[in-house]
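Have a look at the structure below, then the notes.
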Amino acid sequence: MPEEITSRKNETVRDAVRLSGSAAYRREKRRFVAEGARLCRDAAESGAPVLALFYTGQAEEKYASSLAPAFGRAARQYRISPEVAACLSETKSPQGVFCMCEMPDGLSGLPTASKGGHCLALENIRDPANLGAMLRTAEALGIRSVLLCGECCDVYSPKVLRASMGAVFRLPLFRGRDAAETLKALEGRGFTTLAAVPDSSAVPVTSLRLAGPAAVAVGNEGSGLTVEAQRACSLRVTIPMRGRAESLNAAASAAILMWELMRGGTEGERE
């Protein structure tokens, strides 16, 4: 039977609120909170350890089928009041469903080209909506791995989780402190490394012909890739633009670059 929680001052509720609002606290506790019936279902179906499931009585009825996997995996269940749901929510119109999950261990090492597939490497991506959109697109297009370098925002923040539409739970995520060093290491693992730059002198991504897996690096929304990261890559690529805009939104750029990688494939795949 679920435990009833009606007070916003409940310690479990206060802990969940703190997890939603603090990346440092999430890292310390190795836990995070996902909001919404779909995200809770995705977390459960992907095998994430669901430590607690929170839901209002109305949500229990309305989202019963979506929540079935979460009900089956949740270690603890709490039926909460609408006031508590409003306290936990990061959205204007909460569904009244939340789950607290254990954060997976960070993947050690780096992706290897021997396993096939392309990699998206991100440096200093600060906007949670951008990062979430990039992850969602990467999963949709079949990118095999995502590498987060430098000061990227927390993938387990509420905004990233929502924008990724559950991709955070399904994509292999790797982390690297220094983008330049990490990109050089990827070269040693068989990837062709591509630095995305808004420079007409770079190779148009539409003309790429790859002989194997590639890792395309996308930089910060305002300043792009660092000079060191660009120099670490074997090739500088750009998105041809005919309009007057000097550059594209980082998430839009990443989407186009990933699409061109997957559309072109590799020499072996085209044969």
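Just remember, in the structure tokens the first chain shown is A, the second B, etc., residues are 1-based per chain, and ligands are 1-based in the order shown.
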Considering only C-alpha atoms, return as a PDB file with all heavy atoms, in the first residue's frame whatever protein or nucleic-acid residues lie within 6 Å of region 211-227 of chain A, sequence-local ones (same chain, fewer than 4 positions apart) excluded.
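Output below, filename out_2.pdb:
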ATOM      1  N   ALA A 113      35.304   2.905 -31.885  1.00  0.00           N
ATOM      2  CA  ALA A 113      34.787   2.810 -33.244  1.00  0.00           C
ATOM      3  C   ALA A 113      34.594   1.366 -33.669  1.00  0.00           C
ATOM      4  O   ALA A 113      33.830   1.082 -34.596  1.00  0.00           O
ATOM      5  CB  ALA A 113      35.746   3.518 -34.212  1.00  0.00           C
ATOM      6  N   GLY A 117      29.139   2.845 -35.605  1.00  0.00           N
ATOM      7  CA  GLY A 117      28.256   3.945 -35.275  1.00  0.00           C
ATOM      8  C   GLY A 117      28.976   5.230 -34.955  1.00  0.00           C
ATOM      9  O   GLY A 117      30.148   5.245 -34.573  1.00  0.00           O
ATOM     10  N   HIS A 118      28.263   6.322 -35.138  1.00  0.00           N
ATOM     11  CA  HIS A 118      28.825   7.646 -34.927  1.00  0.00           C
ATOM     12  C   HIS A 118      28.622   8.134 -33.496  1.00  0.00           C
ATOM     13  O   HIS A 118      27.784   7.618 -32.756  1.00  0.00           O
ATOM     14  CB  HIS A 118      28.183   8.636 -35.900  1.00  0.00           C
ATOM     15  CG  HIS A 118      28.394   8.279 -37.342  1.00  0.00           C
ATOM     16  ND1 HIS A 118      29.643   8.114 -37.900  1.00  0.00           N
ATOM     17  CD2 HIS A 118      27.500   8.068 -38.351  1.00  0.00           C
ATOM     18  CE1 HIS A 118      29.523   7.822 -39.186  1.00  0.00           C
ATOM     19  NE2 HIS A 118      28.224   7.782 -39.480  1.00  0.00           N
ATOM     20  N   CYS A 119      29.403   9.150 -33.150  1.00  0.00           N
ATOM     21  CA  CYS A 119      29.368   9.713 -31.799  1.00  0.00           C
ATOM     22  C   CYS A 119      29.124  11.221 -31.895  1.00  0.00           C
ATOM     23  O   CYS A 119      29.649  11.889 -32.790  1.00  0.00           O
ATOM     24  CB  CYS A 119      30.701   9.437 -31.093  1.00  0.00           C
ATOM     25  SG  CYS A 119      30.921  10.267 -29.502  1.00  0.00           S
ATOM     26  N   LEU A 120      28.342  11.746 -30.971  1.00  0.00           N
ATOM     27  CA  LEU A 120      28.167  13.188 -30.837  1.00  0.00           C
ATOM     28  C   LEU A 120      28.967  13.643 -29.630  1.00  0.00           C
ATOM     29  O   LEU A 120      28.755  13.163 -28.517  1.00  0.00           O
ATOM     30  CB  LEU A 120      26.693  13.539 -30.637  1.00  0.00           C
ATOM     31  CG  LEU A 120      26.384  15.016 -30.333  1.00  0.00           C
ATOM     32  CD1 LEU A 120      26.744  15.895 -31.522  1.00  0.00           C
ATOM     33  CD2 LEU A 120      24.925  15.192 -29.942  1.00  0.00           C
ATOM     34  N   ALA A 121      29.927  14.545 -29.858  1.00  0.00           N
ATOM     35  CA  ALA A 121      30.749  15.070 -28.773  1.00  0.00           C
ATOM     36  C   ALA A 121      30.344  16.518 -28.494  1.00  0.00           C
ATOM     37  O   ALA A 121      30.315  17.340 -29.418  1.00  0.00           O
ATOM     38  CB  ALA A 121      32.235  14.999 -29.145  1.00  0.00           C
ATOM     39  N   LEU A 122      30.040  16.819 -27.249  1.00  0.00           N
ATOM     40  CA  LEU A 122      29.548  18.144 -26.886  1.00  0.00           C
ATOM     41  C   LEU A 122      30.512  18.805 -25.910  1.00  0.00           C
ATOM     42  O   LEU A 122      30.956  18.175 -24.945  1.00  0.00           O
ATOM     43  CB  LEU A 122      28.163  18.034 -26.250  1.00  0.00           C
ATOM     44  CG  LEU A 122      27.088  17.360 -27.114  1.00  0.00           C
ATOM     45  CD1 LEU A 122      25.815  17.159 -26.320  1.00  0.00           C
ATOM     46  CD2 LEU A 122      26.823  18.180 -28.373  1.00  0.00           C
ATOM     47  N   GLU A 123      30.804  20.080 -26.157  1.00  0.00           N
ATOM     48  CA  GLU A 123      31.710  20.819 -25.283  1.00  0.00           C
ATOM     49  C   GLU A 123      30.998  22.046 -24.708  1.00  0.00           C
ATOM     50  O   GLU A 123      30.523  22.900 -25.453  1.00  0.00           O
ATOM     51  CB  GLU A 123      32.954  21.273 -26.052  1.00  0.00           C
ATOM     52  CG  GLU A 123      33.959  22.003 -25.152  1.00  0.00           C
ATOM     53  CD  GLU A 123      35.126  22.609 -25.911  1.00  0.00           C
ATOM     54  OE1 GLU A 123      34.920  23.048 -27.073  1.00  0.00           O
ATOM     55  OE2 GLU A 123      36.237  22.654 -25.356  1.00  0.00           O
ATOM     56  N   ASN A 124      30.936  22.114 -23.391  1.00  0.00           N
ATOM     57  CA  ASN A 124      30.423  23.294 -22.681  1.00  0.00           C
ATOM     58  C   ASN A 124      29.010  23.702 -23.094  1.00  0.00           C
ATOM     59  O   ASN A 124      28.709  24.896 -23.216  1.00  0.00           O
ATOM     60  CB  ASN A 124      31.366  24.487 -22.876  1.00  0.00           C
ATOM     61  CG  ASN A 124      32.767  24.210 -22.358  1.00  0.00           C
ATOM     62  OD1 ASN A 124      32.956  23.406 -21.445  1.00  0.00           O
ATOM     63  ND2 ASN A 124      33.762  24.866 -22.944  1.00  0.00           N
ATOM     64  N   ILE A 125      28.129  22.748 -23.309  1.00  0.00           N
ATOM     65  CA  ILE A 125      26.731  23.061 -23.611  1.00  0.00           C
ATOM     66  C   ILE A 125      26.042  23.437 -22.311  1.00  0.00           C
ATOM     67  O   ILE A 125      25.942  22.629 -21.388  1.00  0.00           O
ATOM     68  CB  ILE A 125      26.009  21.877 -24.274  1.00  0.00           C
ATOM     69  CG1 ILE A 125      26.710  21.501 -25.586  1.00  0.00           C
ATOM     70  CG2 ILE A 125      24.540  22.217 -24.523  1.00  0.00           C
ATOM     71  CD1 ILE A 125      26.717  22.593 -26.628  1.00  0.00           C
ATOM     72  N   PHE A 191      37.953   6.718 -34.478  1.00  0.00           N
ATOM     73  CA  PHE A 191      36.987   7.687 -34.974  1.00  0.00           C
ATOM     74  C   PHE A 191      37.674   8.747 -35.833  1.00  0.00           C
ATOM     75  O   PHE A 191      38.793   9.167 -35.539  1.00  0.00           O
ATOM     76  CB  PHE A 191      36.288   8.415 -33.813  1.00  0.00           C
ATOM     77  CG  PHE A 191      35.272   7.600 -33.078  1.00  0.00           C
ATOM     78  CD1 PHE A 191      35.622   6.928 -31.915  1.00  0.00           C
ATOM     79  CD2 PHE A 191      33.967   7.505 -33.536  1.00  0.00           C
ATOM     80  CE1 PHE A 191      34.689   6.186 -31.212  1.00  0.00           C
ATOM     81  CE2 PHE A 191      33.026   6.761 -32.852  1.00  0.00           C
ATOM     82  CZ  PHE A 191      33.394   6.088 -31.674  1.00  0.00           C
ATOM     83  N   THR A 192      36.983   9.189 -36.861  1.00  0.00           N
ATOM     84  CA  THR A 192      37.358  10.420 -37.544  1.00  0.00           C
ATOM     85  C   THR A 192      36.691  11.549 -36.776  1.00  0.00           C
ATOM     86  O   THR A 192      35.469  11.548 -36.612  1.00  0.00           O
ATOM     87  CB  THR A 192      36.852  10.430 -39.002  1.00  0.00           C
ATOM     88  OG1 THR A 192      37.459   9.351 -39.712  1.00  0.00           O
ATOM     89  CG2 THR A 192      37.204  11.747 -39.677  1.00  0.00           C
ATOM     90  N   THR A 193      37.481  12.493 -36.276  1.00  0.00           N
ATOM     91  CA  THR A 193      36.915  13.558 -35.443  1.00  0.00           C
ATOM     92  C   THR A 193      36.676  14.804 -36.279  1.00  0.00           C
ATOM     93  O   THR A 193      37.548  15.262 -37.022  1.00  0.00           O
ATOM     94  CB  THR A 193      37.845  13.879 -34.263  1.00  0.00           C
ATOM     95  OG1 THR A 193      39.166  14.123 -34.734  1.00  0.00           O
ATOM     96  CG2 THR A 193      37.869  12.723 -33.278  1.00  0.00           C
ATOM     97  N   LEU A 194      35.473  15.355 -36.149  1.00  0.00           N
ATOM     98  CA  LEU A 194      35.037  16.494 -36.944  1.00  0.00           C
ATOM     99  C   LEU A 194      34.683  17.657 -36.026  1.00  0.00           C
ATOM    100  O   LEU A 194      33.860  17.510 -35.123  1.00  0.00           O
ATOM    101  CB  LEU A 194      33.807  16.116 -37.776  1.00  0.00           C
ATOM    102  CG  LEU A 194      33.884  14.810 -38.573  1.00  0.00           C
ATOM    103  CD1 LEU A 194      32.529  14.500 -39.197  1.00  0.00           C
ATOM    104  CD2 LEU A 194      34.961  14.916 -39.653  1.00  0.00           C
ATOM    105  N   ALA A 195      35.290  18.803 -36.252  1.00  0.00           N
ATOM    106  CA  ALA A 195      34.990  20.006 -35.470  1.00  0.00           C
ATOM    107  C   ALA A 195      33.977  20.847 -36.234  1.00  0.00           C
ATOM    108  O   ALA A 195      34.242  21.291 -37.355  1.00  0.00           O
ATOM    109  CB  ALA A 195      36.265  20.808 -35.220  1.00  0.00           C
ATOM    110  N   ALA A 196      32.811  21.074 -35.645  1.00  0.00           N
ATOM    111  CA  ALA A 196      31.781  21.879 -36.295  1.00  0.00           C
ATOM    112  C   ALA A 196      32.059  23.364 -36.046  1.00  0.00           C
ATOM    113  O   ALA A 196      32.124  23.804 -34.905  1.00  0.00           O
ATOM    114  CB  ALA A 196      30.403  21.509 -35.758  1.00  0.00           C
ATOM    115  N   ALA A 250      22.652  25.949 -31.389  1.00  0.00           N
ATOM    116  CA  ALA A 250      23.493  24.774 -31.191  1.00  0.00           C
ATOM    117  C   ALA A 250      22.726  23.474 -31.409  1.00  0.00           C
ATOM    118  O   ALA A 250      23.246  22.534 -32.033  1.00  0.00           O
ATOM    119  CB  ALA A 250      24.104  24.797 -29.794  1.00  0.00           C
ATOM    120  N   THR A 266      28.655   5.311 -43.922  1.00  0.00           N
ATOM    121  CA  THR A 266      30.061   5.080 -44.178  1.00  0.00           C
ATOM    122  C   THR A 266      30.192   4.339 -45.489  1.00  0.00           C
ATOM    123  O   THR A 266      29.232   3.803 -46.020  1.00  0.00           O
ATOM    124  CB  THR A 266      30.701   4.249 -43.052  1.00  0.00           C
ATOM    125  OG1 THR A 266      30.128   2.932 -43.073  1.00  0.00           O
ATOM    126  CG2 THR A 266      30.472   4.872 -41.687  1.00  0.00           C
ATOM    127  N   GLU A 267      31.402   4.292 -46.001  1.00  0.00           N
ATOM    128  CA  GLU A 267      31.612   3.595 -47.272  1.00  0.00           C
ATOM    129  C   GLU A 267      31.121   2.151 -47.177  1.00  0.00           C
ATOM    130  O   GLU A 267      30.494   1.620 -48.076  1.00  0.00           O
ATOM    131  CB  GLU A 267      33.099   3.638 -47.630  1.00  0.00           C
ATOM    132  CG  GLU A 267      33.608   5.046 -47.931  1.00  0.00           C
ATOM    133  CD  GLU A 267      32.963   5.654 -49.152  1.00  0.00           C
ATOM    134  OE1 GLU A 267      32.455   4.923 -50.012  1.00  0.00           O
ATOM    135  OE2 GLU A 267      32.945   6.895 -49.244  1.00  0.00           O
TER     136      GLU A 267
END
Could you give me, as a ChimeraX atom specification, the residues within 12 Å of Glu28 (chain A), counting only C-alpha atoms and dropping anything in the same chain fewer than 2 positions from it?
/A:18-19,22-26,30-32,102-103
Could you give me, as a PDB file with C-alpha atoms, in the first residue's frame, each residue of region 19-189 of chain A that DSSP assigns to strand (DSSP E or B) when run on this structure's backbone?
ATOM      1  CA  ARG A  31      19.788  10.422  -7.323  1.00  0.00           C
ATOM      2  CA  PHE A  32      17.470  12.515  -9.478  1.00  0.00           C
ATOM      3  CA  VAL A  33      13.765  13.188  -9.930  1.00  0.00           C
ATOM      4  CA  ALA A  34      11.845  12.798 -13.183  1.00  0.00           C
ATOM      5  CA  GLU A  35       8.427  14.376 -13.689  1.00  0.00           C
ATOM      6  CA  VAL A  50      13.195   3.590  -9.278  1.00  0.00           C
ATOM      7  CA  LEU A  51      13.638   4.381  -5.601  1.00  0.00           C
ATOM      8  CA  ALA A  52      10.263   6.073  -5.144  1.00  0.00           C
ATOM      9  CA  LEU A  53       7.142   6.849  -7.142  1.00  0.00           C
ATOM     10  CA  PHE A  54       4.941   9.838  -6.244  1.00  0.00           C
ATOM     11  CA  TYR A  55       1.458  10.303  -7.689  1.00  0.00           C
ATOM     12  CA  ARG A  76       8.450   2.803  -2.474  1.00  0.00           C
ATOM     13  CA  GLN A  77       5.174   4.423  -3.459  1.00  0.00           C
ATOM     14  CA  TYR A  78       3.633   7.642  -2.184  1.00  0.00           C
ATOM     15  CA  ARG A  79       0.146   8.934  -2.902  1.00  0.00           C
ATOM     16  CA  ILE A  80       0.456  12.710  -2.644  1.00  0.00           C
ATOM     17  CA  VAL A  97       3.454  12.002 -11.318  1.00  0.00           C
ATOM     18  CA  PHE A  98       7.104  11.908 -10.234  1.00  0.00           C
ATOM     19  CA  CYS A  99       9.756   9.287  -9.680  1.00  0.00           C
ATOM     20  CA  MET A 100      13.022   9.376  -7.791  1.00  0.00           C
ATOM     21  CA  CYS A 101      15.709   7.291  -9.481  1.00  0.00           C
ATOM     22  CA  GLU A 102      19.201   6.174  -8.674  1.00  0.00           C
ATOM     23  CA  LEU A 107      30.487   5.119 -17.955  1.00  0.00           C
ATOM     24  CA  CYS A 119      29.368   9.713 -31.799  1.00  0.00           C
ATOM     25  CA  LEU A 120      28.167  13.188 -30.837  1.00  0.00           C
ATOM     26  CA  ALA A 121      30.749  15.070 -28.773  1.00  0.00           C
ATOM     27  CA  LEU A 122      29.548  18.144 -26.886  1.00  0.00           C
ATOM     28  CA  GLU A 123      31.710  20.819 -25.283  1.00  0.00           C
ATOM     29  CA  SER A 145      27.060   7.398 -28.178  1.00  0.00           C
ATOM     30  CA  VAL A 146      27.188  10.909 -26.743  1.00  0.00           C
ATOM     31  CA  LEU A 147      30.274  12.410 -25.122  1.00  0.00           C
ATOM     32  CA  LEU A 148      29.894  15.308 -22.680  1.00  0.00           C
ATOM     33  CA  CYS A 149      33.039  17.388 -22.244  1.00  0.00           C
ATOM     34  CA  LEU A 173      26.610   8.685 -22.253  1.00  0.00           C
ATOM     35  CA  PHE A 174      30.322   9.238 -21.706  1.00  0.00           C
ATOM     36  CA  ARG A 175      32.117  12.073 -19.953  1.00  0.00           C
ATOM     37  CA  GLY A 176      35.438  13.774 -20.577  1.00  0.00           C
TER      38      GLY A 176
END
Nearby residues (only C-alpha atoms) at most 8 Å from region 43-48 of chain A, same-chain spacing under 5 positions excluded, as an MDAnalysis selection string
chainID A and resid 69:70 73 101:104 166 169:170
Rank A:Met1, A:Leu131, A:Ala185, A:Arg144 by their smallest atom-to-atom distance to Ser253 (chain A), using only C-alpha atoms, and report the top residue only.
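Closest candidate: A:Leu131.
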So, counting only C-alpha atoms, which residue among A:Leu235, A:Ala138, A:Leu210, A:Ala129 is closest to Cys153 (chain A)?
A:Ala129
I want to know what sits within 9 Å of Leu257 (chain A), based on only C-alpha atoms, with residues of the same chain fewer than 4 positions away left out; could you give that as an mmCIF file with N, CA, C and O atoms, in the first residue's frame?
data_model
loop_
_atom_site.group_PDB
_atom_site.id
_atom_site.type_symbol
_atom_site.label_atom_id
_atom_site.label_comp_id
_atom_site.auth_asym_id
_atom_site.auth_seq_id
_atom_site.Cartn_x
_atom_site.Cartn_y
_atom_site.Cartn_z
ATOM 1 N N ALA A 196 32.811 21.074 -35.645
ATOM 2 C CA ALA A 196 31.781 21.879 -36.295
ATOM 3 C C ALA A 196 32.059 23.364 -36.046
ATOM 4 O O ALA A 196 32.124 23.804 -34.905
ATOM 5 N N VAL A 205 29.597 20.022 -44.602
ATOM 6 C CA VAL A 205 29.232 18.716 -44.083
ATOM 7 C C VAL A 205 28.468 17.904 -45.126
ATOM 8 O O VAL A 205 28.489 16.666 -45.117
ATOM 9 N N THR A 206 27.818 18.590 -46.059
ATOM 10 C CA THR A 206 27.054 17.901 -47.100
ATOM 11 C C THR A 206 27.943 17.166 -48.096
ATOM 12 O O THR A 206 27.459 16.331 -48.857
ATOM 13 N N VAL A 216 31.436 13.865 -34.223
ATOM 14 C CA VAL A 216 31.292 15.272 -34.578
ATOM 15 C C VAL A 216 31.177 16.078 -33.294
ATOM 16 O O VAL A 216 30.397 15.760 -32.406
ATOM 17 N N THR A 238 31.539 22.488 -41.703
ATOM 18 C CA THR A 238 30.578 23.566 -41.506
ATOM 19 C C THR A 238 29.276 23.238 -42.213
ATOM 20 O O THR A 238 29.230 22.392 -43.113
ATOM 21 N N ILE A 239 28.222 23.909 -41.806
ATOM 22 C CA ILE A 239 26.913 23.754 -42.446
ATOM 23 C C ILE A 239 26.737 24.895 -43.445
ATOM 24 O O ILE A 239 26.715 26.066 -43.041
ATOM 25 N N ALA A 252 20.049 23.040 -33.279
ATOM 26 C CA ALA A 252 19.744 22.916 -34.703
ATOM 27 C C ALA A 252 20.978 22.472 -35.478
ATOM 28 O O ALA A 252 20.904 21.622 -36.370
ATOM 29 N N SER A 253 22.118 23.046 -35.136
ATOM 30 C CA SER A 253 23.372 22.663 -35.791
ATOM 31 C C SER A 253 23.664 21.182 -35.572
ATOM 32 O O SER A 253 24.002 20.454 -36.509
ATOM 33 N N LEU A 261 25.583 12.896 -41.070
ATOM 34 C CA LEU A 261 26.392 11.710 -40.774
ATOM 35 C C LEU A 261 25.604 10.438 -41.042
ATOM 36 O O LEU A 261 26.095 9.505 -41.687
ATOM 37 N N MET A 262 24.372 10.387 -40.556
ATOM 38 C CA MET A 262 23.570 9.172 -40.709
ATOM 39 C C MET A 262 23.066 8.997 -42.145
ATOM 40 O O MET A 262 22.953 7.870 -42.621
#
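Picture a line from CA of Cys152 (chain A) to CA of Ala85 (chain A); it runs 29.2 Å.
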Taking the DSSP assignment computed from this structure's backbone, write out as a PyMOL selection string all residues of region 161-241 of chain A that belong to alpha helix (DSSP H).
chain A and resi 161-164+167-170+179-188+227-232
Mind writing the picked residues with N, CA, C and O atoms as a tab-separated table (two decimals), in the first residue's frame?
chain	number	residue	atom	x	y	z
A	161	LEU	N	15.89	16.39	-18.80
A	161	LEU	CA	15.09	15.17	-18.83
A	161	LEU	C	13.84	15.35	-19.69
A	161	LEU	O	13.51	14.49	-20.52
A	162	ARG	N	13.14	16.47	-19.49
A	162	ARG	CA	11.91	16.71	-20.26
A	162	ARG	C	12.22	16.91	-21.74
A	162	ARG	O	11.54	16.34	-22.60
A	163	ALA	N	13.23	17.71	-22.04
A	163	ALA	CA	13.54	18.00	-23.44
A	163	ALA	C	14.06	16.77	-24.18
A	163	ALA	O	13.88	16.65	-25.39
A	164	SER	N	14.69	15.87	-23.46
A	164	SER	CA	15.24	14.67	-24.11
A	164	SER	C	14.18	13.62	-24.39
A	164	SER	O	14.43	12.66	-25.13
A	167	ALA	N	15.41	10.16	-23.74
A	167	ALA	CA	16.65	9.70	-24.38
A	167	ALA	C	17.79	9.56	-23.38
A	167	ALA	O	18.68	8.73	-23.56
A	168	VAL	N	17.76	10.36	-22.31
A	168	VAL	CA	18.79	10.26	-21.28
A	168	VAL	C	18.87	8.84	-20.72
A	168	VAL	O	19.95	8.35	-20.39
A	169	PHE	N	17.75	8.15	-20.65
A	169	PHE	CA	17.72	6.81	-20.09
A	169	PHE	C	18.24	5.75	-21.06
A	169	PHE	O	18.58	4.65	-20.63
A	170	ARG	N	18.26	6.07	-22.35
A	170	ARG	CA	18.55	5.03	-23.34
A	170	ARG	C	19.88	5.20	-24.08
A	170	ARG	O	20.39	4.24	-24.65
A	179	ALA	N	37.96	18.60	-23.57
A	179	ALA	CA	37.48	18.18	-24.89
A	179	ALA	C	38.62	17.86	-25.84
A	179	ALA	O	38.57	16.87	-26.58
A	180	ALA	N	39.67	18.69	-25.84
A	180	ALA	CA	40.79	18.47	-26.77
A	180	ALA	C	41.44	17.11	-26.52
A	180	ALA	O	41.68	16.33	-27.47
A	181	GLU	N	41.75	16.82	-25.27
A	181	GLU	CA	42.38	15.54	-24.95
A	181	GLU	C	41.46	14.37	-25.28
A	181	GLU	O	41.91	13.34	-25.79
A	182	THR	N	40.18	14.54	-24.99
A	182	THR	CA	39.22	13.46	-25.23
A	182	THR	C	39.05	13.20	-26.72
A	182	THR	O	38.96	12.05	-27.16
A	183	LEU	N	39.00	14.26	-27.52
A	183	LEU	CA	38.86	14.10	-28.97
A	183	LEU	C	40.09	13.42	-29.57
A	183	LEU	O	39.98	12.59	-30.48
A	184	LYS	N	41.26	13.75	-29.05
A	184	LYS	CA	42.47	13.07	-29.51
A	184	LYS	C	42.42	11.58	-29.18
A	184	LYS	O	42.84	10.74	-29.95
A	185	ALA	N	41.90	11.29	-28.00
A	185	ALA	CA	41.76	9.90	-27.59
A	185	ALA	C	40.79	9.15	-28.50
A	185	ALA	O	41.00	7.97	-28.82
A	186	LEU	N	39.73	9.83	-28.95
A	186	LEU	CA	38.78	9.20	-29.87
A	186	LEU	C	39.45	8.86	-31.20
A	186	LEU	O	39.15	7.83	-31.81
A	187	GLU	N	40.34	9.74	-31.65
A	187	GLU	CA	41.10	9.45	-32.87
A	187	GLU	C	41.85	8.14	-32.71
A	187	GLU	O	41.90	7.30	-33.62
A	188	GLY	N	42.45	7.96	-31.54
A	188	GLY	CA	43.20	6.74	-31.28
A	188	GLY	C	42.32	5.50	-31.20
A	188	GLY	O	42.82	4.38	-31.28
A	227	VAL	N	39.31	26.75	-29.27
A	227	VAL	CA	40.37	26.59	-30.27
A	227	VAL	C	41.09	25.27	-30.09
A	227	VAL	O	41.43	24.58	-31.07
A	228	GLU	N	41.33	24.90	-28.84
A	228	GLU	CA	42.04	23.65	-28.56
A	228	GLU	C	41.25	22.45	-29.07
A	228	GLU	O	41.84	21.51	-29.64
A	229	ALA	N	39.94	22.46	-28.88
A	229	ALA	CA	39.11	21.36	-29.36
A	229	ALA	C	39.12	21.29	-30.88
A	229	ALA	O	39.17	20.21	-31.47
A	230	GLN	N	39.06	22.45	-31.52
A	230	GLN	CA	39.11	22.47	-32.99
A	230	GLN	C	40.41	21.88	-33.50
A	230	GLN	O	40.43	21.09	-34.45
A	231	ARG	N	41.51	22.27	-32.89
A	231	ARG	CA	42.82	21.79	-33.33
A	231	ARG	C	43.02	20.30	-33.09
A	231	ARG	O	43.80	19.65	-33.79
A	232	ALA	N	42.30	19.77	-32.11
A	232	ALA	CA	42.43	18.36	-31.79
A	232	ALA	C	41.74	17.47	-32.82
A	232	ALA	O	42.03	16.27	-32.91
CA of Gly96 (chain A) and CA of Val155 (chain A) are how many Å apart?
22.2 Å
When you draw a straight line from CA of Asn130 (chain A) to CA of Pro49 (chain A), how long is it in Å?
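Distance reported for this atom pair: 26.2 Å.
Closest approach to Ser81 (chain A) from the set A:Ala133, A:Ile256, A:Ile143, A:Val13 is made by A:Val13, with distances taken over only C-alpha atoms.
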